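The structure file structure33.json is reproduced below (JSON, C-alpha atoms and all ligand atoms).
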[["chain", "number", "residue", "atom", "x", "y", "z"],
["A", 15, "MET", "CA", 0.00, 0.00, 0.00],
["A", 16, "SER", "CA", 1.24, 3.48, -0.76],
["A", 17, "LEU", "CA", 2.09, 5.78, 2.14],
["A", 18, "LEU", "CA", 0.44, 8.78, 0.53],
["A", 19, "ALA", "CA", -2.24, 8.65, -2.15],
["A", 20, "VAL", "CA", -3.49, 11.82, -3.81],
["A", 21, "ASP", "CA", -6.48, 10.78, -5.89],
["A", 22, "GLY", "CA", -8.28, 13.05, -8.36],
["A", 23, "VAL", "CA", -7.77, 16.23, -6.35],
["A", 24, "SER", "CA", -9.22, 19.45, -7.76],
["A", 25, "LYS", "CA", -9.09, 22.93, -6.25],
["A", 26, "ALA", "CA", -10.22, 26.33, -7.47],
["A", 27, "PHE", "CA", -9.80, 29.82, -6.02],
["A", 28, "GLY", "CA", -12.91, 31.60, -7.25],
["A", 29, "SER", "CA", -12.89, 31.22, -11.02],
["A", 30, "LEU", "CA", -9.21, 30.20, -11.09],
["A", 31, "GLN", "CA", -8.91, 26.42, -11.42],
["A", 32, "VAL", "CA", -5.58, 25.75, -9.73],
["A", 33, "LEU", "CA", -5.64, 21.93, -9.52],
["A", 34, "SER", "CA", -7.49, 19.62, -11.91],
["A", 35, "ASP", "CA", -7.82, 15.93, -11.16],
["A", 36, "VAL", "CA", -4.33, 15.58, -9.66],
["A", 37, "SER", "CA", -3.31, 12.02, -8.76],
["A", 38, "PHE", "CA", 0.00, 10.54, -7.63],
["A", 39, "GLU", "CA", 1.31, 8.23, -4.93],
["A", 40, "VAL", "CA", 4.30, 8.19, -2.63],
["A", 41, "GLN", "CA", 5.68, 4.83, -1.50],
["A", 42, "PRO", "CA", 7.27, 4.21, 1.92],
["A", 43, "GLY", "CA", 10.82, 5.59, 1.95],
["A", 44, "GLN", "CA", 10.50, 6.98, -1.58],
["A", 45, "ARG", "CA", 12.23, 10.20, -2.71],
["A", 46, "HIS", "CA", 9.52, 11.82, -4.80],
["A", 47, "VAL", "CA", 10.09, 15.26, -6.33],
["A", 48, "ILE", "CA", 7.43, 17.58, -7.76],
["A", 49, "ILE", "CA", 8.58, 20.01, -10.42],
["A", 50, "GLY", "CA", 6.73, 22.49, -12.60],
["A", 51, "PRO", "CA", 6.76, 26.14, -13.63],
["A", 52, "ASN", "CA", 5.81, 28.92, -11.21],
["A", 53, "GLY", "CA", 2.07, 28.97, -10.59],
["A", 54, "ALA", "CA", 1.63, 25.32, -11.62],
["A", 55, "GLY", "CA", -0.12, 24.53, -8.34],
["A", 56, "LYS", "CA", 2.71, 22.79, -6.45],
["A", 57, "THR", "CA", 2.35, 24.62, -3.13],
["A", 58, "THR", "CA", -1.43, 24.30, -3.35],
["A", 59, "VAL", "CA", -1.08, 20.49, -3.59],
["A", 60, "PHE", "CA", 1.03, 20.56, -0.42],
["A", 61, "LYS", "CA", -1.56, 22.65, 1.38],
["A", 62, "CYS", "CA", -4.27, 20.17, 0.40],
["A", 63, "ILE", "CA", -2.14, 17.24, 1.60],
["A", 64, "THR", "CA", -1.42, 18.84, 4.97],
["A", 65, "GLY", "CA", -5.00, 19.99, 5.48],
["A", 66, "LEU", "CA", -4.26, 23.73, 5.37],
["A", 67, "LEU", "CA", -6.68, 23.95, 2.43],
["A", 68, "PRO", "CA", -9.82, 21.85, 1.81],
["A", 69, "VAL", "CA", -10.04, 20.14, -1.59],
["A", 70, "ASP", "CA", -13.05, 20.76, -3.85],
["A", 71, "SER", "CA", -13.11, 17.13, -4.96],
["A", 72, "GLY", "CA", -10.94, 14.05, -4.86],
["A", 73, "SER", "CA", -9.34, 12.38, -1.85],
["A", 74, "ILE", "CA", -6.11, 12.13, 0.11],
["A", 75, "ALA", "CA", -5.08, 9.03, 2.06],
["A", 76, "ILE", "CA", -2.15, 8.52, 4.41],
["A", 77, "ASP", "CA", -1.15, 4.88, 4.84],
["A", 78, "GLY", "CA", -4.61, 3.76, 3.76],
["A", 79, "THR", "CA", -6.53, 6.17, 6.02],
["A", 80, "ASP", "CA", -8.72, 8.64, 4.17],
["A", 81, "VAL", "CA", -7.77, 12.02, 5.66],
["A", 82, "THR", "CA", -9.65, 14.22, 3.18],
["A", 83, "GLY", "CA", -12.00, 15.61, 5.82],
["A", 84, "LEU", "CA", -9.59, 15.43, 8.75],
["A", 85, "PRO", "CA", -7.85, 18.46, 10.31],
["A", 86, "ALA", "CA", -4.10, 19.04, 9.96],
["A", 87, "HIS", "CA", -3.19, 17.72, 13.42],
["A", 88, "SER", "CA", -4.80, 14.35, 12.70],
["A", 89, "ARG", "CA", -2.60, 14.05, 9.62],
["A", 90, "VAL", "CA", 0.46, 14.84, 11.72],
["A", 91, "SER", "CA", -0.40, 12.03, 14.10],
["A", 92, "LEU", "CA", -0.52, 9.67, 11.10],
["A", 93, "GLY", "CA", 3.12, 10.55, 10.38],
["A", 94, "LEU", "CA", 2.99, 13.64, 8.16],
["A", 95, "ALA", "CA", 5.41, 16.55, 8.63],
["A", 96, "CYS", "CA", 6.17, 19.60, 6.52],
["A", 97, "THR", "CA", 8.47, 22.59, 6.58],
["A", 98, "PHE", "CA", 6.78, 25.51, 4.95],
["A", 99, "GLN", "CA", 5.69, 27.01, 8.24],
["A", 100, "LYS", "CA", 8.48, 29.27, 9.42],
["A", 101, "THR", "CA", 6.64, 29.79, 12.70],
["A", 102, "ASN", "CA", 8.36, 26.69, 14.08],
["A", 103, "LEU", "CA", 11.47, 28.74, 14.80],
["A", 104, "PHE", "CA", 11.93, 30.89, 17.90],
["A", 105, "GLY", "CA", 14.46, 33.55, 16.95],
["A", 106, "GLU", "CA", 15.33, 34.55, 20.52],
["A", 107, "LEU", "CA", 16.18, 31.00, 21.55],
["A", 108, "THR", "CA", 19.29, 29.02, 20.65],
["A", 109, "VAL", "CA", 19.45, 26.21, 18.10],
["A", 110, "GLU", "CA", 19.59, 23.67, 20.91],
["A", 111, "GLU", "CA", 16.61, 25.21, 22.74],
["A", 112, "ASN", "CA", 14.53, 25.22, 19.55],
["A", 113, "LEU", "CA", 15.30, 21.59, 18.92],
["A", 114, "HIS", "CA", 14.67, 20.68, 22.55],
["A", 115, "LEU", "CA", 11.19, 22.20, 22.32],
["A", 116, "ALA", "CA", 10.43, 20.22, 19.17],
["A", 117, "VAL", "CA", 11.60, 16.98, 20.75],
["A", 118, "THR", "CA", 9.61, 17.73, 23.93],
["A", 119, "ALA", "CA", 6.42, 18.44, 21.99],
["A", 120, "ARG", "CA", 6.44, 14.89, 20.67],
["A", 121, "LYS", "CA", 6.81, 13.05, 23.96],
["A", 122, "PRO", "CA", 4.15, 11.77, 26.33],
["A", 123, "TYR", "CA", 4.05, 13.39, 29.80],
["A", 124, "ARG", "CA", 4.32, 16.86, 28.35],
["A", 125, "PHE", "CA", 1.10, 17.98, 30.07],
["A", 126, "ARG", "CA", 1.91, 16.37, 33.40],
["A", 127, "ILE", "CA", 3.35, 18.38, 36.26],
["A", 128, "TRP", "CA", 5.34, 15.48, 37.73],
["A", 129, "LYS", "CA", 7.55, 13.82, 35.19],
["A", 130, "PRO", "CA", 10.04, 11.04, 35.74],
["A", 131, "LEU", "CA", 13.60, 12.34, 35.99],
["A", 132, "SER", "CA", 14.67, 10.01, 33.20],
["A", 133, "TRP", "CA", 12.25, 11.80, 30.88],
["A", 134, "HIS", "CA", 14.28, 15.02, 31.04],
["A", 135, "GLU", "CA", 17.53, 13.13, 30.56],
["A", 136, "ASP", "CA", 16.15, 11.29, 27.54],
["A", 137, "LEU", "CA", 15.03, 14.55, 25.94],
["A", 138, "HIS", "CA", 18.43, 16.14, 26.39],
["A", 139, "ARG", "CA", 20.20, 13.10, 25.01],
["A", 140, "GLU", "CA", 17.93, 12.94, 21.99],
["A", 141, "THR", "CA", 18.30, 16.66, 21.31],
["A", 142, "ARG", "CA", 22.09, 16.37, 21.39],
["A", 143, "GLU", "CA", 22.02, 13.29, 19.16],
["A", 144, "LEU", "CA", 19.98, 15.16, 16.57],
["A", 145, "LEU", "CA", 22.37, 18.14, 16.72],
["A", 146, "GLU", "CA", 25.36, 15.90, 16.11],
["A", 147, "GLU", "CA", 23.67, 13.74, 13.51],
["A", 148, "TRP", "CA", 22.63, 16.68, 11.35],
["A", 149, "GLY", "CA", 25.76, 18.76, 11.57],
["A", 150, "LEU", "CA", 24.29, 21.45, 13.84],
["A", 151, "TRP", "CA", 26.52, 20.77, 16.85],
["A", 152, "SER", "CA", 28.79, 23.75, 16.28],
["A", 153, "LEU", "CA", 25.73, 26.03, 16.02],
["A", 154, "ARG", "CA", 23.94, 24.74, 19.13],
["A", 155, "GLU", "CA", 24.53, 27.83, 21.30],
["A", 156, "ARG", "CA", 23.78, 30.38, 18.59],
["A", 157, "ARG", "CA", 20.55, 32.34, 18.71],
["A", 158, "VAL", "CA", 18.38, 31.24, 15.82],
["A", 159, "GLY", "CA", 17.68, 34.84, 14.81],
["A", 160, "GLU", "CA", 21.40, 35.28, 14.10],
["A", 161, "LEU", "CA", 21.74, 32.29, 11.79],
["A", 162, "SER", "CA", 21.99, 32.67, 8.03],
["A", 163, "TYR", "CA", 18.87, 32.05, 6.00],
["A", 164, "GLY", "CA", 20.23, 28.72, 4.79],
["A", 165, "GLU", "CA", 21.09, 27.59, 8.32],
["A", 166, "GLN", "CA", 17.58, 28.46, 9.49],
["A", 167, "ARG", "CA", 16.02, 26.40, 6.71],
["A", 168, "MET", "CA", 18.26, 23.44, 7.55],
["A", 169, "LEU", "CA", 17.18, 23.75, 11.19],
["A", 170, "GLU", "CA", 13.54, 23.68, 10.10],
["A", 171, "ILE", "CA", 14.16, 20.34, 8.38],
["A", 172, "VAL", "CA", 15.81, 18.92, 11.50],
["A", 173, "LEU", "CA", 12.94, 20.22, 13.67],
["A", 174, "ALA", "CA", 10.46, 18.48, 11.39],
["A", 175, "LEU", "CA", 12.44, 15.24, 11.86],
["A", 176, "ALA", "CA", 12.05, 15.53, 15.63],
["A", 177, "SER", "CA", 8.43, 14.39, 15.27],
["A", 178, "ARG", "CA", 9.75, 11.15, 13.66],
["A", 179, "PRO", "CA", 7.52, 11.51, 10.58],
["A", 180, "ARG", "CA", 6.98, 8.75, 8.05],
["A", 181, "ILE", "CA", 6.57, 11.28, 5.27],
["A", 182, "LEU", "CA", 8.19, 14.70, 5.14],
["A", 183, "LEU", "CA", 7.05, 17.42, 2.74],
["A", 184, "LEU", "CA", 9.64, 20.05, 1.79],
["A", 185, "ASP", "CA", 8.50, 23.05, -0.23],
["A", 186, "GLU", "CA", 11.52, 24.43, -2.13],
["A", 187, "PRO", "CA", 14.01, 23.63, 0.62],
["A", 188, "THR", "CA", 16.90, 25.28, -1.22],
["A", 189, "SER", "CA", 15.19, 28.45, -2.41],
["A", 190, "GLY", "CA", 17.10, 31.58, -1.42],
["A", 191, "MET", "CA", 20.18, 29.57, -0.47],
["A", 192, "SER", "CA", 23.72, 30.27, -1.63],
["A", 193, "PRO", "CA", 25.36, 27.58, -3.81],
["A", 194, "ALA", "CA", 27.32, 26.31, -0.79],
["A", 195, "GLU", "CA", 24.19, 26.17, 1.38],
["A", 196, "THR", "CA", 22.30, 24.44, -1.44],
["A", 197, "SER", "CA", 24.85, 21.66, -1.68],
["A", 198, "ARG", "CA", 24.90, 21.23, 2.12],
["A", 199, "ALA", "CA", 21.10, 21.06, 2.16],
["A", 200, "ALA", "CA", 21.11, 18.56, -0.72],
["A", 201, "SER", "CA", 23.49, 16.28, 1.12],
["A", 202, "LEU", "CA", 21.46, 16.58, 4.34],
["A", 203, "ILE", "CA", 18.34, 15.63, 2.37],
["A", 204, "LYS", "CA", 20.11, 12.74, 0.67],
["A", 205, "ASN", "CA", 21.26, 11.40, 4.03],
["A", 206, "LEU", "CA", 17.82, 11.42, 5.64],
["A", 207, "PRO", "CA", 16.92, 7.94, 6.91],
["A", 208, "ARG", "CA", 14.84, 5.63, 4.71],
["A", 209, "SER", "CA", 12.29, 5.36, 7.51],
["A", 210, "VAL", "CA", 10.99, 8.69, 6.20],
["A", 211, "ALA", "CA", 9.60, 9.14, 2.69],
["A", 212, "LEU", "CA", 10.24, 12.53, 1.10],
["A", 213, "LEU", "CA", 7.94, 14.59, -1.08],
["A", 214, "ILE", "CA", 9.91, 17.61, -2.24],
["A", 215, "ILE", "CA", 9.02, 20.59, -4.40],
["A", 216, "GLU", "CA", 12.30, 21.72, -5.93],
["A", 217, "HIS", "CA", 13.40, 24.03, -8.70],
["A", 218, "ASP", "CA", 17.17, 23.49, -8.64],
["A", 219, "MET", "CA", 17.70, 20.78, -11.27],
["A", 220, "ASP", "CA", 21.00, 19.62, -9.76],
["A", 221, "VAL", "CA", 19.18, 18.94, -6.49],
["A", 222, "VAL", "CA", 16.18, 17.39, -8.30],
["A", 223, "PHE", "CA", 18.25, 14.87, -10.23],
["A", 224, "SER", "CA", 20.58, 14.08, -7.35],
["A", 225, "VAL", "CA", 17.72, 13.27, -4.96],
["A", 226, "ALA", "CA", 14.73, 12.07, -7.01],
["A", 227, "GLU", "CA", 13.72, 8.46, -7.52],
["A", 228, "HIS", "CA", 10.39, 9.52, -8.94],
["A", 229, "ILE", "CA", 9.35, 12.84, -10.46],
["A", 230, "THR", "CA", 5.88, 14.27, -10.90],
["A", 231, "VAL", "CA", 5.63, 17.19, -13.32],
["A", 232, "LEU", "CA", 2.77, 19.62, -12.68],
["A", 233, "HIS", "CA", 1.70, 22.01, -15.41],
["A", 234, "HIS", "CA", -1.33, 24.32, -15.26],
["A", 235, "GLY", "CA", -2.63, 22.34, -12.27],
["A", 236, "GLU", "CA", -2.49, 18.98, -14.02],
["A", 237, "VAL", "CA", -0.12, 16.06, -13.73],
["A", 238, "PHE", "CA", 1.76, 16.29, -16.99],
["A", 239, "LEU", "CA", 3.98, 13.28, -16.37],
["A", 240, "SER", "CA", 4.85, 11.11, -13.38],
["A", 241, "GLY", "CA", 7.72, 8.68, -13.71],
["A", 242, "SER", "CA", 11.39, 7.90, -13.29],
["A", 243, "PRO", "CA", 13.99, 10.68, -13.54],
["A", 244, "GLU", "CA", 15.23, 9.10, -16.76],
["A", 245, "ARG", "CA", 11.77, 9.26, -18.29],
["A", 246, "VAL", "CA", 11.29, 12.89, -17.27],
["A", 247, "ARG", "CA", 14.73, 13.87, -18.47],
["A", 248, "GLY", "CA", 14.14, 12.19, -21.82],
["A", 249, "ASP", "CA", 10.69, 13.66, -22.45],
["A", 250, "GLU", "CA", 10.78, 16.30, -25.15],
["A", 251, "ARG", "CA", 7.49, 17.86, -24.05],
["A", 252, "VAL", "CA", 8.78, 18.34, -20.52],
["A", 253, "ARG", "CA", 11.83, 20.06, -21.95],
["A", 254, "GLU", "CA", 9.59, 22.37, -23.91],
["A", 255, "ILE", "CA", 7.25, 23.39, -21.10],
["A", 256, "TYR", "CA", 9.68, 23.39, -18.26],
["A", 257, "PHE", "CA", 13.31, 23.51, -19.20],
["A", 258, "SER", "CA", 12.97, 26.10, -21.91],
["A", 259, "GLY", "CA", 13.36, 28.74, -19.19],
["A", 260, "GLY", "CA", 17.08, 27.97, -19.07],
["A", 261, "ALA", "CA", 17.08, 25.51, -16.17],
["A", 262, "ARG", "CA", 18.26, 22.36, -17.88],
["A", 263, "PRO", "CA", 18.77, 18.97, -16.29],
["A", 264, "HIS", "CA", 22.29, 17.59, -16.43],
["A", 265, "ALA", "CA", 22.81, 15.16, -19.27],
["B", 301, "LIG", "N1", -5.00, 31.63, -1.55],
["B", 301, "LIG", "C1", -5.04, 31.86, -2.88],
["B", 301, "LIG", "N2", -6.01, 32.61, -3.44],
["B", 301, "LIG", "C2", -6.06, 32.83, -4.77],
["B", 301, "LIG", "N3", -5.17, 32.34, -5.66],
["B", 301, "LIG", "C3", -4.18, 31.59, -5.17],
["B", 301, "LIG", "C4", -4.04, 31.30, -3.76],
["B", 301, "LIG", "N4", -2.96, 30.51, -3.56],
["B", 301, "LIG", "C5", -2.42, 30.33, -4.79],
["B", 301, "LIG", "N5", -3.14, 30.96, -5.75],
["B", 301, "LIG", "C6", -2.89, 30.92, -7.19],
["B", 301, "LIG", "O1", -2.88, 29.56, -7.57],
["B", 301, "LIG", "C7", -1.90, 29.32, -8.57],
["B", 301, "LIG", "C8", -0.95, 28.23, -8.10],
["B", 301, "LIG", "O2", -0.22, 28.70, -6.98],
["B", 301, "LIG", "P1", 0.84, 27.80, -6.24],
["B", 301, "LIG", "O3", 0.22, 26.53, -5.82],
["B", 301, "LIG", "O4", 1.45, 28.64, -5.17],
["B", 301, "LIG", "O5", 1.90, 27.53, -7.41],
["B", 301, "LIG", "P2", 3.43, 27.01, -7.37],
["B", 301, "LIG", "O6", 3.73, 26.62, -5.97],
["B", 301, "LIG", "O7", 3.48, 25.87, -8.34],
["B", 301, "LIG", "O8", 4.27, 28.15, -7.84],
["B", 301, "LIG", "C9", -1.21, 30.65, -8.83],
["B", 301, "LIG", "O9", -1.83, 31.24, -9.95],
["B", 301, "LIG", "C10", -1.52, 31.43, -7.58],
["B", 301, "LIG", "O10", -1.54, 32.83, -7.84],
["B", 302, "MG", "MG", 5.17, 27.26, -4.60]]
Whole structure given in structure tokens:
Amino acid sequence: MSLLAVDGVSKAFGSLQVLSDVSFEVQPGQRHVIIGPNGAGKTTVFKCITGLLPVDSGSIAIDGTDVTGLPAHSRVSLGLACTFQKTNLFGELTVEENLHLAVTARKPYRFRIWKPLSWHEDLHRETRELLEEWGLWSLRERRVGELSYGEQRMLEIVLALASRPRILLLDEPTSGMSPAETSRAASLIKNLPRSVALLIIEHDMDVVFSVAEHITVLHHGEVFLSGSPERVRGDERVREIYFSGGARPHA
């Protein structure tokens, strides 16, 4: 069974039909990338998947559970996480404190006054493990508000991982990053554990073709093509609609 199934989803804003009968699936552990020109409807698909926007028709299922009418938090408890909400970061707190909060939010006992001592120790250990694992150790005492844009976006990804999601949605994780930050982010993304499937909207073709196992091309709110990177790279029509803007995939 697929981990995420988007089935026949349509969405309009007033008279503007933004998504028309969009269907695709994400398998457990899969690296699935969505590409398409600006305004194609990519972010809108993400908002429908997370529950930020209701669909007009069609359905969305997570691990076989139909979540179409369920609120966002129910989808999170089924294993969905995403990073387009910048509100997760507290600029006045340090990197370690931000991560500690995210780890704490996931654990049981958080609403109890009396907590076992081991609970606090476990949280600290896990926070430090995540800092080391994702290359944030040297930044742990820095205030988040002082980090570079790229460092903040990397921290958002690590915060999203603290909820131990089974599927992580990343909306243009490298946008606004310098080339050096982009390649660091790409390697962080590539090293994410297979226990989490990735659905990524990305415009940087180097990142797309270094990460993707499956690519879905959106165009005018429709799935234009969904297939292997080789198939997408070799498709003349995709080149015409998408790569003619100058962004060409590597041969
Ligand atoms: N809340 C909204 N109200 C009206 N139009 C919207 C809204 N959100 C997005 N749109 C429009 O929907 C289209 C698709 O937007 P979006 O999903 O953000 O595209 P992409 O992420 O592929 O660039 C665009 O024409 C955009 O202007
Ligand atoms: Mg977008």
Next item on the list: Give the residue list for ligand LIG 301 (chain B) at 6 Å, counting all atoms listed in the file, as a PyMOL selection string, sorted by chain and then by residue number.
Entry: chain A and resi 27+32+52-58
Margin query: Please list as a ChimeraX atom specification every residue within 9 Å of A:Gly65, counting all atoms listed in the file and excluding residues in the same chain fewer than 4 positions away.
Written below: /A:60-61,69,81-87,89
Margin query: Could you list, as a PyMOL selection string, every residue within 6 Å of stretch 137-154 of chain A, counting all atoms listed in the file and ignoring same-chain residues fewer than 6 positions away?
Written below: chain A and resi 109-110+114
Can I get the selected residues back with C-alpha atoms, as an mmCIF file, in the frame of the given file?
data_model
loop_
_atom_site.group_PDB
_atom_site.id
_atom_site.type_symbol
_atom_site.label_atom_id
_atom_site.label_comp_id
_atom_site.auth_asym_id
_atom_site.auth_seq_id
_atom_site.Cartn_x
_atom_site.Cartn_y
_atom_site.Cartn_z
ATOM 1 C CA VAL A 109 19.450 26.210 18.100
ATOM 2 C CA GLU A 110 19.590 23.670 20.910
ATOM 3 C CA HIS A 114 14.670 20.680 22.550
#
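Restricting the calculation to all atoms listed in the file, the smallest distance between A:Gln44 and any of A:Leu66, A:Ala95, A:Val237, A:Ala211 is found for A:Ala211.
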Notebook entry, point to check: Using only C-alpha atoms and all ligand atoms, which residue out of A:Ser29, A:Ser73, A:Ser189, A:Ser240 lies closest to ligand MG 302 (chain B)?
Noted result: A:Ser189
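In terms of minimum interatomic distance to A:Gln31, A:Glu236 ranks closest within A:Glu236, A:Met168, A:Asp77, A:Val210, counting all atoms listed in the file.
Relative to atom CA of A:Ala200, atom CA of A:Gly93 is found at 22.6 Å.
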Next item on the list: Tell me which of A:Glu155, A:Glu39, A:Glu106, A:Glu216 sits closest to ligand MG 302 (chain B), counting only C-alpha atoms and all ligand atoms.
Entry: A:Glu216
Checklist line | Nearest to A:Val117 by atom-to-atom distance, counting all atoms listed in the file, from A:Leu182, A:Ile49, A:Leu173, A:Val59 | finding: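 Nearest candidate to A:Val117 out of A:Leu182, A:Ile49, A:Leu173, A:Val59: A:Leu173.
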Margin query: One decimal, in Å: what's the spacing between atom CA of A:Leu115 and atom CA of A:Arg156?
Written below: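 A separation of 15.5 Å between them.
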Margin query: So that I can see what lies close to A:Leu103, please list as a PyMOL selection string the residues with an atom at most 12 Å from it, counting all atoms listed in the file and leaving out residues fewer than 5 positions away in the same chain.
Written below: chain A and resi 97-98+108-116+157-161+163+165-174
Checklist line | Which residue of A:His217, A:His234, A:Arg180, A:Arg251 approaches ligand MG 302 (chain B) most closely, using only C-alpha atoms and all ligand atoms | finding: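 Using only C-alpha atoms and all ligand atoms, the shortest distance to ligand MG 302 (chain B) belongs to A:His217.
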Next item on the list: Kindly give the distance, in Å, that separates atom CA of A:Pro179 and atom CA of A:Pro207, rounded to a single decimal.
Entry: 10.7 Å
Using 6 Å of padding on each side, determine the axis-aligned box around all atoms of stretch 24-41 of chain A present in the file and give its centre and edge lengths in Å to one decimal, as lines of an AutoDock Vina configuration file.
center_x = -3.6
center_y = 18.2
center_z = -6.7
size_x = 30.6
size_y = 38.8
size_z = 22.4
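Within the 9 Å cut-off around A:Ala75, using all atoms listed in the file and omitting residues fewer than 4 positions from it on the same chain, the listed residues are Ser16, Leu17, Leu18, Ala19, Val20, Asp21, Ile63, Thr79, Asp80, Val81 and Thr82 of chain A.
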Write out all heavy atoms for stretch 36-43 of chain A, as an mmCIF file, keeping the file's coordinate frame.
data_model
loop_
_atom_site.group_PDB
_atom_site.id
_atom_site.type_symbol
_atom_site.label_atom_id
_atom_site.label_comp_id
_atom_site.auth_asym_id
_atom_site.auth_seq_id
_atom_site.Cartn_x
_atom_site.Cartn_y
_atom_site.Cartn_z
ATOM 1 N N VAL A 36 -5.735 15.935 -9.919
ATOM 2 C CA VAL A 36 -4.330 15.580 -9.660
ATOM 3 C C VAL A 36 -4.254 14.265 -8.888
ATOM 4 O O VAL A 36 -4.876 14.120 -7.825
ATOM 5 C CB VAL A 36 -3.617 16.696 -8.862
ATOM 6 C CG1 VAL A 36 -2.254 16.227 -8.352
ATOM 7 C CG2 VAL A 36 -3.482 17.951 -9.719
ATOM 8 N N SER A 37 -3.506 13.309 -9.434
ATOM 9 C CA SER A 37 -3.310 12.020 -8.760
ATOM 10 C C SER A 37 -1.834 11.636 -8.808
ATOM 11 O O SER A 37 -1.192 11.760 -9.848
ATOM 12 C CB SER A 37 -4.104 10.903 -9.452
ATOM 13 O OG SER A 37 -5.479 11.183 -9.450
ATOM 14 N N PHE A 38 -1.316 11.188 -7.683
ATOM 15 C CA PHE A 38 0.000 10.540 -7.630
ATOM 16 C C PHE A 38 0.132 9.850 -6.277
ATOM 17 O O PHE A 38 -0.671 10.091 -5.374
ATOM 18 C CB PHE A 38 1.147 11.541 -7.869
ATOM 19 C CG PHE A 38 1.237 12.658 -6.857
ATOM 20 C CD1 PHE A 38 1.950 12.499 -5.674
ATOM 21 C CD2 PHE A 38 0.607 13.874 -7.084
ATOM 22 C CE1 PHE A 38 2.029 13.522 -4.746
ATOM 23 C CE2 PHE A 38 0.678 14.910 -6.155
ATOM 24 C CZ PHE A 38 1.392 14.730 -4.983
ATOM 25 N N GLU A 39 1.123 8.976 -6.176
ATOM 26 C CA GLU A 39 1.310 8.230 -4.930
ATOM 27 C C GLU A 39 2.760 8.323 -4.481
ATOM 28 O O GLU A 39 3.657 8.459 -5.313
ATOM 29 C CB GLU A 39 0.959 6.747 -5.144
ATOM 30 C CG GLU A 39 -0.511 6.530 -5.442
ATOM 31 C CD GLU A 39 -0.865 5.051 -5.518
ATOM 32 O OE1 GLU A 39 0.054 4.205 -5.520
ATOM 33 O OE2 GLU A 39 -2.075 4.772 -5.575
ATOM 34 N N VAL A 40 2.955 8.245 -3.181
ATOM 35 C CA VAL A 40 4.300 8.190 -2.630
ATOM 36 C C VAL A 40 4.423 6.885 -1.847
ATOM 37 O O VAL A 40 3.578 6.572 -1.008
ATOM 38 C CB VAL A 40 4.593 9.387 -1.696
ATOM 39 C CG1 VAL A 40 6.003 9.291 -1.116
ATOM 40 C CG2 VAL A 40 4.409 10.707 -2.450
ATOM 41 N N GLN A 41 5.472 6.114 -2.160
ATOM 42 C CA GLN A 41 5.680 4.830 -1.500
ATOM 43 C C GLN A 41 6.530 5.021 -0.232
ATOM 44 O O GLN A 41 7.275 6.001 -0.130
ATOM 45 C CB GLN A 41 6.391 3.858 -2.454
ATOM 46 C CG GLN A 41 5.707 3.685 -3.799
ATOM 47 C CD GLN A 41 4.229 3.310 -3.663
ATOM 48 O OE1 GLN A 41 3.845 2.565 -2.757
ATOM 49 N NE2 GLN A 41 3.391 3.840 -4.545
ATOM 50 N N PRO A 42 6.452 4.076 0.716
ATOM 51 C CA PRO A 42 7.270 4.210 1.920
ATOM 52 C C PRO A 42 8.753 4.386 1.561
ATOM 53 O O PRO A 42 9.287 3.643 0.730
ATOM 54 C CB PRO A 42 7.039 2.878 2.655
ATOM 55 C CG PRO A 42 5.695 2.423 2.185
ATOM 56 C CD PRO A 42 5.586 2.886 0.754
ATOM 57 N N GLY A 43 9.384 5.369 2.166
ATOM 58 C CA GLY A 43 10.820 5.590 1.950
ATOM 59 C C GLY A 43 11.182 6.245 0.631
ATOM 60 O O GLY A 43 12.349 6.573 0.403
#
